[in-house]
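Coordinates from target_31.txt are shown below (compact mmCIF, C-alpha atoms).
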# COMPACT_ATOMS: atom_id res chain seq x y z
CA MET A 260 34.62 27.63 -12.77
CA LYS A 261 31.03 27.12 -11.62
CA ARG A 262 28.38 28.73 -13.78
CA VAL A 263 24.82 29.76 -13.08
CA LYS A 264 22.12 27.23 -13.93
CA CYS A 265 20.42 27.35 -17.29
CA PHE A 266 16.64 27.68 -17.29
CA ALA A 267 16.11 25.65 -20.49
CA GLU A 268 17.99 22.64 -19.07
CA GLU A 269 16.17 22.72 -15.73
CA ALA A 270 12.76 23.21 -17.35
CA ALA A 271 13.40 20.26 -19.67
CA ARG A 272 13.71 18.03 -16.58
CA LEU A 273 10.36 19.32 -15.36
CA GLY A 274 8.52 18.30 -18.52
CA ASN A 275 5.57 20.29 -19.82
CA TYR A 276 4.77 23.27 -17.65
CA THR A 277 2.43 26.22 -17.44
CA THR A 278 3.10 29.70 -16.10
CA LEU A 279 1.30 31.77 -13.48
CA ASP A 280 1.98 35.48 -13.11
CA ALA A 281 2.83 36.02 -9.44
CA GLY A 282 3.29 39.78 -9.85
CA PRO A 283 5.79 42.11 -8.17
CA ARG A 284 7.51 40.69 -5.11
CA VAL A 285 10.53 41.03 -2.93
CA ILE A 286 12.72 37.97 -3.44
CA GLU A 287 15.75 36.57 -1.64
CA LEU A 288 18.92 37.16 -3.63
CA ARG A 289 20.45 33.85 -2.55
CA ARG A 290 17.64 32.02 -4.38
CA VAL A 291 18.49 33.70 -7.68
CA ILE A 292 20.66 30.93 -9.12
CA GLY A 293 20.10 30.82 -12.85
CA THR A 294 19.58 32.70 -16.08
CA VAL A 295 17.32 32.35 -19.10
CA ASN A 296 19.25 34.17 -21.85
CA LYS A 297 22.91 34.02 -20.87
CA CYS A 298 23.43 30.32 -20.33
CA GLY A 299 27.12 29.39 -20.13
CA GLN A 300 28.20 33.02 -20.06
CA LEU A 301 27.88 33.89 -16.36
CA ASP A 302 29.67 32.66 -13.28
CA ARG A 303 28.02 32.06 -9.90
CA ASP A 304 28.14 35.78 -9.10
CA PHE A 305 26.42 36.62 -12.40
CA ARG A 306 29.59 38.16 -13.83
CA LEU A 307 30.47 37.61 -17.47
CA ILE A 308 33.04 34.85 -17.69
CA ARG A 309 34.72 36.51 -20.63
CA ARG A 310 34.54 40.06 -19.38
CA ARG A 311 34.41 42.96 -21.75
CA ARG A 312 37.14 45.38 -20.78
CA ASP A 313 35.84 48.38 -22.68
CA ARG A 314 35.02 51.65 -21.00
CA ARG A 315 31.30 51.35 -21.71
CA GLU A 316 31.03 48.08 -19.76
CA ARG A 317 33.08 49.43 -16.82
CA PHE A 318 30.90 52.57 -16.67
CA ARG A 319 27.71 50.48 -16.71
CA ARG A 320 29.05 48.30 -13.88
CA MET A 321 29.93 51.38 -11.83
CA GLN A 322 26.46 52.86 -12.38
CA LEU A 323 24.82 49.68 -11.14
CA ASP A 324 27.13 49.50 -8.12
CA ASN A 325 26.14 53.04 -7.14
CA ALA A 326 22.46 52.24 -7.65
CA ALA A 327 22.77 49.16 -5.46
CA LEU A 328 24.42 51.22 -2.72
CA HIS A 329 21.41 53.55 -2.66
CA LEU A 330 19.14 50.48 -2.42
CA THR A 331 16.12 52.15 -3.97
CA SER A 332 17.54 52.83 -7.41
CA LEU A 333 17.70 49.30 -8.79
CA PRO A 334 14.63 48.71 -10.97
CA PRO A 335 12.88 45.37 -10.45
CA ILE A 336 14.28 42.41 -12.38
CA ASP A 337 12.16 39.85 -14.25
CA VAL A 338 12.47 36.22 -13.18
CA TYR A 339 10.98 32.78 -13.58
CA LEU A 340 10.34 30.81 -10.39
CA LEU A 341 11.03 27.12 -10.94
CA ALA A 342 11.14 24.56 -8.10
CA GLY A 343 11.80 27.25 -5.50
CA GLU A 344 14.65 28.90 -7.44
CA TYR A 345 14.72 32.05 -9.55
CA TYR A 346 16.04 32.33 -13.14
CA VAL A 347 16.72 35.81 -14.49
CA ILE A 348 14.90 36.80 -17.66
CA ASP A 349 16.00 40.42 -17.55
CA GLY A 350 18.42 41.96 -15.04
CA ASN A 351 21.54 39.79 -14.91
CA ARG A 352 23.76 42.84 -14.37
CA ARG A 353 21.49 44.11 -11.59
CA VAL A 354 21.81 40.74 -9.86
CA ALA A 355 25.60 40.90 -10.21
CA ALA A 356 25.65 44.41 -8.73
CA ALA A 357 23.38 43.38 -5.84
CA LYS A 358 25.62 40.39 -5.07
CA ARG A 359 28.72 42.61 -5.17
CA GLN A 360 27.11 44.92 -2.63
CA GLY A 361 26.02 42.05 -0.40
CA LEU A 362 22.29 42.79 -0.65
CA GLU A 363 19.90 40.11 0.64
CA TYR A 364 16.66 41.03 -1.11
CA LEU A 365 15.69 42.36 -4.50
CA ASP A 366 12.53 43.66 -6.16
CA ALA A 367 11.35 41.38 -8.95
CA HIS A 368 8.43 40.64 -11.22
CA VAL A 369 7.92 36.90 -10.79
CA VAL A 370 6.39 34.40 -13.19
CA GLU A 371 5.89 31.00 -11.63
CA CYS A 372 6.50 27.82 -13.69
CA LEU A 373 4.32 24.88 -12.65
CA PRO A 374 4.61 21.31 -13.98
CA LEU A 375 1.43 20.16 -15.71
CA ALA A 376 1.97 16.63 -14.40
CA ASP A 377 1.65 17.74 -10.75
CA ARG A 378 -2.05 18.65 -10.39
CA GLU A 379 -1.74 19.20 -6.66
CA GLU A 380 0.99 21.79 -7.07
CA LEU A 381 -1.04 23.48 -9.81
CA GLN A 382 -4.14 23.66 -7.65
CA GLY A 383 -2.08 24.86 -4.68
CA ALA A 384 -0.53 27.65 -6.73
CA VAL A 385 -3.94 28.77 -8.02
CA ILE A 386 -5.40 28.79 -4.51
CA ARG A 387 -2.40 30.73 -3.21
CA ARG A 388 -2.64 33.27 -6.03
CA ARG A 389 -6.34 33.79 -5.34
CA PHE A 390 -5.59 34.36 -1.64
CA GLU A 391 -2.87 36.89 -2.48
CA GLN A 392 -5.05 38.76 -4.97
CA GLU A 393 -8.03 38.99 -2.63
CA THR A 394 -6.15 39.89 0.54
CA GLY A 395 -3.01 41.59 -0.71
CA LEU A 396 -0.99 39.43 1.71
CA LYS A 397 2.01 38.05 -0.18
CA SER A 398 4.40 37.22 2.62
CA LEU A 399 2.31 34.46 4.18
CA ALA A 400 4.01 31.19 3.25
CA LEU A 401 2.41 27.77 3.73
CA SER A 402 4.09 24.42 3.17
CA PHE A 403 0.69 22.90 2.36
CA GLU A 404 -0.96 25.31 -0.06
CA ARG A 405 -4.52 24.01 0.26
CA GLY A 406 -4.49 25.82 3.60
CA TYR A 407 -4.89 29.15 1.78
CA THR A 408 -8.59 28.34 1.35
CA THR A 409 -8.97 28.13 5.13
CA LEU A 410 -6.98 31.33 5.60
CA LEU A 411 -9.23 33.14 3.13
CA GLN A 412 -12.27 32.01 5.15
CA GLU A 413 -10.58 33.26 8.34
CA VAL A 414 -9.94 36.66 6.78
CA THR A 415 -13.47 36.91 5.35
CA GLU A 416 -15.06 36.06 8.70
CA TYR A 417 -12.70 38.18 10.80
CA ALA A 418 -14.65 40.73 12.81
CA PRO A 419 -12.62 43.85 13.54
CA GLU A 420 -13.41 46.13 16.48
CA GLU A 421 -17.10 46.93 16.97
CA GLY A 422 -18.24 49.69 14.68
CA GLU A 423 -15.13 49.40 12.53
CA VAL A 424 -15.95 48.83 8.86
CA LEU A 425 -13.00 47.87 6.70
CA ALA A 426 -12.42 47.17 3.01
CA VAL A 427 -11.32 43.61 2.20
CA GLN A 428 -7.61 44.25 2.05
CA ASP A 429 -7.66 46.47 5.14
CA ARG A 430 -9.54 43.72 6.96
CA ALA A 431 -6.88 41.27 5.79
CA ARG A 432 -4.12 43.48 7.18
CA ALA A 433 -6.01 43.90 10.47
CA TRP A 434 -6.52 40.12 10.69
CA TYR A 435 -2.84 39.54 9.95
CA SER A 436 -1.52 41.88 12.64
CA ARG A 437 -4.25 41.53 15.32
CA ALA A 438 -5.19 37.85 15.02
CA PHE A 439 -2.75 35.84 12.93
CA LEU A 440 0.64 37.04 14.23
CA PRO A 441 -0.32 36.82 17.94
CA ALA A 442 -1.72 33.34 17.27
CA CYS A 443 1.56 32.27 15.62
CA GLU A 444 3.44 33.52 18.67
CA LEU A 445 1.28 31.30 20.89
CA ILE A 446 1.80 28.37 18.54
CA ARG A 447 5.56 28.93 18.62
CA ARG A 448 5.54 28.61 22.41
CA SER A 449 3.29 25.55 22.38
CA PRO A 450 4.20 21.84 21.88
CA LEU A 451 2.76 21.96 18.33
CA PRO A 452 5.98 22.73 16.40
CA ALA A 453 7.72 19.77 18.06
CA ALA A 454 4.74 17.51 17.35
CA PHE A 455 4.56 18.58 13.66
CA PRO A 456 8.11 19.53 12.63
CA ARG A 457 7.33 19.63 8.89
CA GLY A 458 4.78 22.39 9.25
CA ARG A 459 5.47 26.11 9.51
CA GLU A 460 3.60 28.14 12.13
CA ALA A 461 1.13 29.23 9.47
CA ASP A 462 0.43 25.58 8.61
CA LEU A 463 -0.19 24.81 12.28
CA TYR A 464 -2.54 27.81 12.51
CA VAL A 465 -4.46 26.36 9.55
CA MET A 466 -4.56 22.97 11.28
CA VAL A 467 -6.16 24.48 14.40
CA ALA A 468 -8.61 26.58 12.37
CA ARG A 469 -9.61 23.63 10.22
CA PHE A 470 -10.12 21.40 13.28
CA TYR A 471 -12.75 23.79 14.66
CA ARG A 472 -14.38 24.29 11.25
CA ASP A 473 -14.72 20.53 10.74
CA LEU A 474 -15.96 19.85 14.26
CA MET A 475 -18.26 22.79 14.97
CA GLY A 476 -18.48 24.90 11.82
CA GLY A 477 -15.89 27.37 13.09
CA PRO A 478 -14.37 28.49 16.39
CA PRO A 479 -16.74 30.02 18.99
CA LYS A 480 -16.64 33.80 18.70
CA ASP A 481 -16.05 34.73 22.32
CA VAL A 482 -13.08 32.44 22.91
CA SER A 483 -9.43 33.53 22.77
CA PHE A 484 -6.94 31.75 20.54
CA GLU A 485 -5.09 30.63 23.66
CA SER A 486 -8.15 28.64 24.77
CA LEU A 487 -8.73 27.34 21.24
CA LEU A 488 -5.13 26.14 21.10
CA SER A 489 -5.48 24.48 24.49
CA GLY A 490 -8.67 22.75 23.30
CA PHE A 491 -6.93 21.56 20.17
CA LEU A 492 -3.95 20.21 22.11
CA PHE A 493 -6.33 18.33 24.41
CA ALA A 494 -8.36 16.91 21.51
CA ARG A 495 -5.24 15.68 19.75
CA GLY A 496 -3.72 14.32 22.94
CA ILE A 497 -0.65 16.57 22.70
CA ARG A 498 0.53 17.33 26.18
CA ARG A 499 2.19 20.49 27.33
CA ARG A 500 5.60 19.56 28.64
CA ARG A 501 5.86 20.47 32.28
CA LEU A 502 9.26 20.56 33.87
CA LEU A 503 8.09 18.60 36.88
CA ARG A 504 6.81 15.74 34.77
CA ARG A 505 10.34 14.55 34.22
CA PRO A 506 11.26 11.92 36.83
CA ALA A 507 14.68 13.47 37.59
CA MET A 508 13.16 16.88 38.25
CA ARG A 509 10.43 15.38 40.42
CA LEU A 510 13.07 13.59 42.51
CA LEU A 511 15.05 16.80 42.91
CA TYR A 512 11.90 18.67 43.90
CA ARG A 513 11.15 16.07 46.55
CA PHE A 514 14.48 16.76 48.24
CA LEU A 515 14.60 20.51 47.80
CA ALA A 516 10.95 21.42 48.57
CA PRO A 517 10.45 22.57 52.19
CA ARG A 518 8.94 19.87 54.35
CA VAL A 519 5.65 20.99 55.94
CA SER A 520 4.83 19.63 59.35
CA LYS A 521 1.59 17.64 59.36
CA ALA A 522 1.07 18.13 63.08
CA PRO A 523 -2.23 19.92 63.85
CA MET B 176 -13.25 20.84 32.69
CA ARG B 177 -12.19 17.26 33.42
CA ARG B 178 -15.82 16.20 33.20
CA GLU B 179 -16.13 17.78 29.77
CA GLU B 180 -12.84 16.19 28.67
CA LYS B 181 -13.95 12.71 29.70
CA ALA B 182 -17.28 13.21 27.95
CA TYR B 183 -15.44 14.35 24.80
CA ARG B 184 -13.25 11.25 24.77
CA PHE B 185 -16.23 8.96 25.29
CA TYR B 186 -18.24 10.51 22.45
CA GLU B 187 -15.18 10.62 20.19
CA SER B 188 -14.57 6.89 20.46
CA ALA B 189 -18.30 6.11 20.41
CA SER B 190 -18.76 8.04 17.13
CA LYS B 191 -16.18 5.74 15.53
CA ALA B 192 -17.82 2.62 17.00
CA VAL B 193 -21.43 3.09 15.80
CA ARG B 194 -22.39 2.03 12.29
CA GLN B 195 -25.42 4.26 11.65
CA PRO B 196 -24.33 7.56 10.08
CA GLU B 197 -27.08 9.53 11.88
CA SER B 198 -25.98 8.23 15.27
CA ALA B 199 -22.34 8.90 14.45
CA GLU B 200 -23.29 12.44 13.42
CA LEU B 201 -25.11 13.04 16.72
CA LEU B 202 -22.19 11.66 18.68
CA ARG B 203 -19.85 14.03 16.82
CA LYS B 204 -22.25 16.86 17.62
CA LEU B 205 -22.13 15.91 21.31
CA CYS B 206 -18.33 15.81 21.01
CA ALA B 207 -18.34 19.35 19.66
CA GLU B 208 -20.72 20.50 22.43
CA GLU B 209 -18.52 19.07 25.18
CA LEU B 210 -15.46 20.72 23.68
CA ARG B 211 -17.38 24.01 23.48
CA HIS B 212 -18.16 23.72 27.21
CA ARG B 213 -14.52 23.03 27.90
CA LEU B 214 -13.52 26.12 25.93
CA LYS B 215 -16.00 28.26 27.89
CA LEU B 216 -14.67 27.00 31.22
CA GLU B 217 -11.06 27.44 30.07
CA GLU B 218 -11.83 31.00 29.03
CA LEU B 219 -13.19 31.73 32.52
CA GLN B 220 -10.13 30.12 34.03
CA GLY B 221 -7.85 32.18 31.80
CA LYS B 222 -9.52 35.38 32.99
CA GLY B 223 -8.89 34.31 36.57
CA GLU B 224 -12.59 34.03 37.29
CA LEU B 225 -12.53 30.30 37.91
CA GLU B 226 -10.02 28.16 39.78
CA PRO B 227 -9.14 24.73 38.33
CA ALA B 228 -10.51 21.94 40.51
CA GLY B 229 -8.57 18.77 41.19
CA GLN B 230 -10.24 15.41 40.69
CA GLU B 231 -10.60 14.98 44.47
CA GLU B 232 -12.39 18.32 44.80
CA VAL B 233 -14.83 17.40 42.00
CA GLU B 234 -15.66 14.12 43.72
CA VAL B 235 -16.16 15.82 47.09
CA GLU B 236 -18.57 18.30 45.50
CA GLU B 237 -20.46 15.49 43.76
CA ALA B 238 -20.67 13.47 46.97
CA GLN B 239 -22.00 16.47 48.84
CA ALA B 240 -24.57 16.97 46.12
CA GLY B 241 -25.62 13.33 46.45
CA LEU B 242 -24.62 12.58 42.92
CA LEU B 243 -22.22 9.71 43.57
CA ALA B 244 -24.94 7.06 43.60
CA GLU B 245 -23.30 4.65 41.20
CA PRO B 246 -19.97 2.93 41.63
CA GLY B 247 -17.41 2.26 38.90
CA PRO B 248 -15.58 4.52 36.45
CA GLU B 249 -17.34 7.68 35.38
CA TRP B 250 -16.96 7.13 31.63
CA PRO B 251 -16.18 3.59 30.39
CA PRO B 252 -12.97 3.56 28.40
CA ALA B 253 -13.91 1.15 25.61
CA PRO B 254 -17.18 1.86 23.78
CA GLU B 255 -16.03 -0.45 20.94
CA VAL B 256 -17.26 -3.42 22.94
CA LEU B 257 -20.66 -1.88 23.66
CA GLU B 258 -23.84 -2.09 21.62
CA PRO B 259 -25.22 1.23 20.34
CA ARG B 260 -28.13 0.98 22.81
CA ASP B 261 -25.63 0.59 25.66
CA ILE B 262 -23.69 3.62 24.45
CA TRP B 263 -26.87 5.74 24.48
CA ALA B 264 -27.87 4.39 27.89
CA ILE B 265 -24.48 5.32 29.38
CA ALA B 266 -24.55 8.71 27.67
CA LEU B 267 -28.07 9.43 29.04
CA ARG B 268 -27.01 8.56 32.57
CA LYS B 269 -23.93 10.75 32.35
CA GLU B 270 -25.65 13.70 30.72
CA ARG B 271 -28.32 13.69 33.46
CA ARG B 272 -25.59 13.59 36.05
CA ALA B 273 -23.79 16.49 34.41
CA ARG B 274 -27.05 18.49 34.25
CA ASP B 275 -27.71 17.89 37.95
CA TYR B 276 -24.12 18.71 38.83
CA TYR B 277 -24.28 22.10 37.14
CA ARG B 278 -27.67 22.76 38.74
CA VAL B 279 -26.14 22.18 42.16
CA LEU B 280 -23.17 24.42 41.31
CA SER B 281 -25.43 27.18 40.03
CA ALA B 282 -27.44 27.04 43.29
CA ARG B 283 -24.27 27.30 45.35
CA ALA B 284 -22.32 29.80 43.26
CA PRO B 285 -21.60 32.92 45.32
CA VAL B 286 -20.94 35.15 42.29
CA ALA B 287 -23.65 36.04 39.76
CA ALA B 288 -21.28 35.57 36.80
CA PHE B 289 -20.50 31.99 37.86
CA ARG B 290 -24.19 31.31 38.43
CA GLU B 291 -24.99 32.40 34.89
CA VAL B 292 -22.33 30.12 33.44
CA PHE B 293 -23.52 27.11 35.42
CA VAL B 294 -27.16 27.78 34.55
CA TYR B 295 -26.13 27.96 30.90
CA LEU B 296 -24.15 24.71 31.13
CA SER B 297 -27.01 23.01 32.94
CA SER B 298 -29.45 23.99 30.17
CA GLU B 299 -26.95 22.76 27.57
CA GLU B 300 -26.68 19.40 29.32
CA GLN B 301 -30.52 19.22 29.44
CA ARG B 302 -30.49 19.63 25.65
CA HIS B 303 -28.05 16.72 25.43
CA VAL B 304 -30.33 14.64 27.67
CA ASP B 305 -33.21 15.27 25.25
CA TRP B 306 -31.13 14.29 22.19
CA VAL B 307 -29.72 11.18 23.77
CA ARG B 308 -33.10 10.06 25.17
CA ALA B 309 -34.60 10.31 21.67
CA GLU B 310 -31.75 8.19 20.24
CA LEU B 311 -32.08 5.61 23.01
CA GLU B 312 -35.82 5.28 22.47
CA ALA B 313 -35.27 4.94 18.73
CA ALA B 314 -32.75 2.17 19.44
CA GLY B 315 -35.39 0.31 21.46
CA GLY B 316 -34.26 1.32 24.90
CA THR B 317 -36.21 3.15 27.57
CA GLY B 318 -35.42 6.71 28.49
CA GLU B 319 -36.08 6.08 32.20
Could you write out this structure as structure tokens?
Amino acid sequence: MKRVKCFAEEAARLGNYTTLDAGPRVIELRRVIGTVNKCGQLDRDFRLIRRRRDRRERFRRMQLDNAALHLTSLPPIDVYLLAGEYYVIDGNRRVAAAKRQGLEYLDAHVVECLPLADREELQGAVIRRRFEQETGLKSLALSFERGYTTLLQEVTEYAPEEGEVLAVQDRARAWYSRAFLPACELIRRSPLPAAFPRGREADLYVMVARFYRDLMGGPPKDVSFESLLSGFLFARGIRRRRLLRRPAMRLLYRFLAPRVSKAP
Amino acid sequence: MRREEKAYRFYESASKAVRQPESAELLRKLCAEELRHRLKLEELQGKGELEPAGQEEVEVEEAQAGLLAEPGPEWPPAPEVLEPRDIWAIALRKERRARDYYRVLSARAPVAAFREVFVYLSSEEQRHVDWVRAELEAAGGTGE
């Protein structure tokens, strides 16, 4: 029978580590794969391997099942985040109930564990945490965490509608919905994801933003993101794929296109 | 836009070819300026206020404006084989040509909005002429 992973064993492989409080978050249940306190006692579904059959345990399980069904009644669990996976400090039964009910997400208070040997990951996590604290935006994931510095600059310099004065976190939300998401949609439809498959859309947004910051101190104010993206694609020599560029399509077009008489 | 793109490519490769950091910095600045012009023109195109011109149309306009006085490729492809003075001399010639081209377009533009843009671009290219002339003279060339 497969058991959940044990935090102590996995952390020992990591070597010396430090912790960073990431605060309350919504986490994916499928990434909750281990426990801190009940090593060797839980199966993959977080059920006790040697189940207690007494009435008290059955009643507790039923209570949690009902709470999970109502979705809002499960209190947040406490977890460690280690190498992209969550280990339960407190709330093993709640995880079991959520899995029984087929939930996908769970509220949690997350503490991130970062290896001291990996300075880059440490710095990335600190930069990300600073971005989240200043903007309140926690759902923005980057594969390359140094990009959060650029995103923070973008948020700080974002100019909302004329006459509109916003607090920092409101400005961040406005930037996210009015500038960032539409830009990601344009990036999605562009050749960039194919040219840089390792990067998420947010990473590609950072790449474009950083290009203009390095070259001209920031993008010109009166230019749309569509033009900025086009300029970036040109500068990097990334061509938009046109259907008629392909030789087979060009040949087909030659036969199917109406012939125009050249007679005067 | 093609003109700006060719200028960008020339300055981009030239900035990697020169050894002096100040010259490389100015070439990067010119790179940024040409890209900025391209962005401005693309923005006008995106709003439907400007139609993209094919290469043939650009050359016809230049010929009519009397600007096609010199044969050969517009921007040499390989600045690595040129001396810095040669790079500045080519850049000066091209920037003057670009300035004159936009002056002609601004005189012919039927719409006030287009005229403003071309006047702006012409004044920008004049600024580039001044920068490049100063660099050429510092490198021992003549700005004539």
Leu411 in chain A environment, 10 Å, all atoms listed in the file, sequence neighbours closer than 4 positions dropped, as a PyMOL selection string: chain A and resi 386-387+389-391+393-394+406-407+415-417+431
Given all atoms listed in the file as the basis, pick out the residue of A:Ala453, A:Ile336, A:Ala357, A:Val295 nearest to Met321 in chain A. A:Ala357
What is the distance, in Å and to one decimal place, between CA of Arg388 in chain A and CA of Glu371 in chain A?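 Between these atoms lies a distance of 10.5 Å.
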Just checking: using only C-alpha atoms, which residue out of A:Ser489, A:Ser402, A:Gln322, A:Thr294 ends up closest to chain B?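 The answer is A:Ser489, which sits nearest to chain B.
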Taking 3 positions as the minimum chain separation for residues in the same chain, which residues sit within 8 Å of Gly315 in chain B when counting all atoms listed in the file? Answer as a PyMOL selection string. chain B and resi 260+311-312
Neighbours of chain B in chain A at 12 Å, counting only C-alpha atoms, as a PyMOL selection string: chain A and resi 470-496
Residue selection dump (C-alpha atoms) as a PDB file, in the coordinates of the input:
ATOM      1  CA  PHE A 470     -10.120  21.400  13.280  1.00  0.00           C
ATOM      2  CA  TYR A 471     -12.750  23.790  14.660  1.00  0.00           C
ATOM      3  CA  ARG A 472     -14.380  24.290  11.250  1.00  0.00           C
ATOM      4  CA  ASP A 473     -14.720  20.530  10.740  1.00  0.00           C
ATOM      5  CA  LEU A 474     -15.960  19.850  14.260  1.00  0.00           C
ATOM      6  CA  MET A 475     -18.260  22.790  14.970  1.00  0.00           C
ATOM      7  CA  GLY A 476     -18.480  24.900  11.820  1.00  0.00           C
ATOM      8  CA  GLY A 477     -15.890  27.370  13.090  1.00  0.00           C
ATOM      9  CA  PRO A 478     -14.370  28.490  16.390  1.00  0.00           C
ATOM     10  CA  PRO A 479     -16.740  30.020  18.990  1.00  0.00           C
ATOM     11  CA  LYS A 480     -16.640  33.800  18.700  1.00  0.00           C
ATOM     12  CA  ASP A 481     -16.050  34.730  22.320  1.00  0.00           C
ATOM     13  CA  VAL A 482     -13.080  32.440  22.910  1.00  0.00           C
ATOM     14  CA  SER A 483      -9.430  33.530  22.770  1.00  0.00           C
ATOM     15  CA  PHE A 484      -6.940  31.750  20.540  1.00  0.00           C
ATOM     16  CA  GLU A 485      -5.090  30.630  23.660  1.00  0.00           C
ATOM     17  CA  SER A 486      -8.150  28.640  24.770  1.00  0.00           C
ATOM     18  CA  LEU A 487      -8.730  27.340  21.240  1.00  0.00           C
ATOM     19  CA  LEU A 488      -5.130  26.140  21.100  1.00  0.00           C
ATOM     20  CA  SER A 489      -5.480  24.480  24.490  1.00  0.00           C
ATOM     21  CA  GLY A 490      -8.670  22.750  23.300  1.00  0.00           C
ATOM     22  CA  PHE A 491      -6.930  21.560  20.170  1.00  0.00           C
ATOM     23  CA  LEU A 492      -3.950  20.210  22.110  1.00  0.00           C
ATOM     24  CA  PHE A 493      -6.330  18.330  24.410  1.00  0.00           C
ATOM     25  CA  ALA A 494      -8.360  16.910  21.510  1.00  0.00           C
ATOM     26  CA  ARG A 495      -5.240  15.680  19.750  1.00  0.00           C
ATOM     27  CA  GLY A 496      -3.720  14.320  22.940  1.00  0.00           C
TER      28      GLY A 496
END
One decimal, Å: what's the distance from CA of Arg469 in chain A over to CA of Ser449 in chain A, could you say?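 Calculated distance between CA of Arg469 in chain A and CA of Ser449 in chain A is 17.8 Å.
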Nearest to His212 in chain B, chosen from B:Val307, B:Val294, B:Glu299, B:Glu200, with all atoms listed in the file counted in the distances: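 Smallest distance to His212 in chain B is found for B:Glu299.
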Of the residues B:Glu258, B:Asp305, B:Glu300, B:Glu179, which is the one nearest to Arg272 in chain B, using only C-alpha atoms?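 Among the listed residues, the smallest separation from Arg272 in chain B belongs to B:Glu300.
Rounded to one decimal, CA of Glu268 in chain A and CA of Leu362 in chain A lie 27.6 Å from each other.
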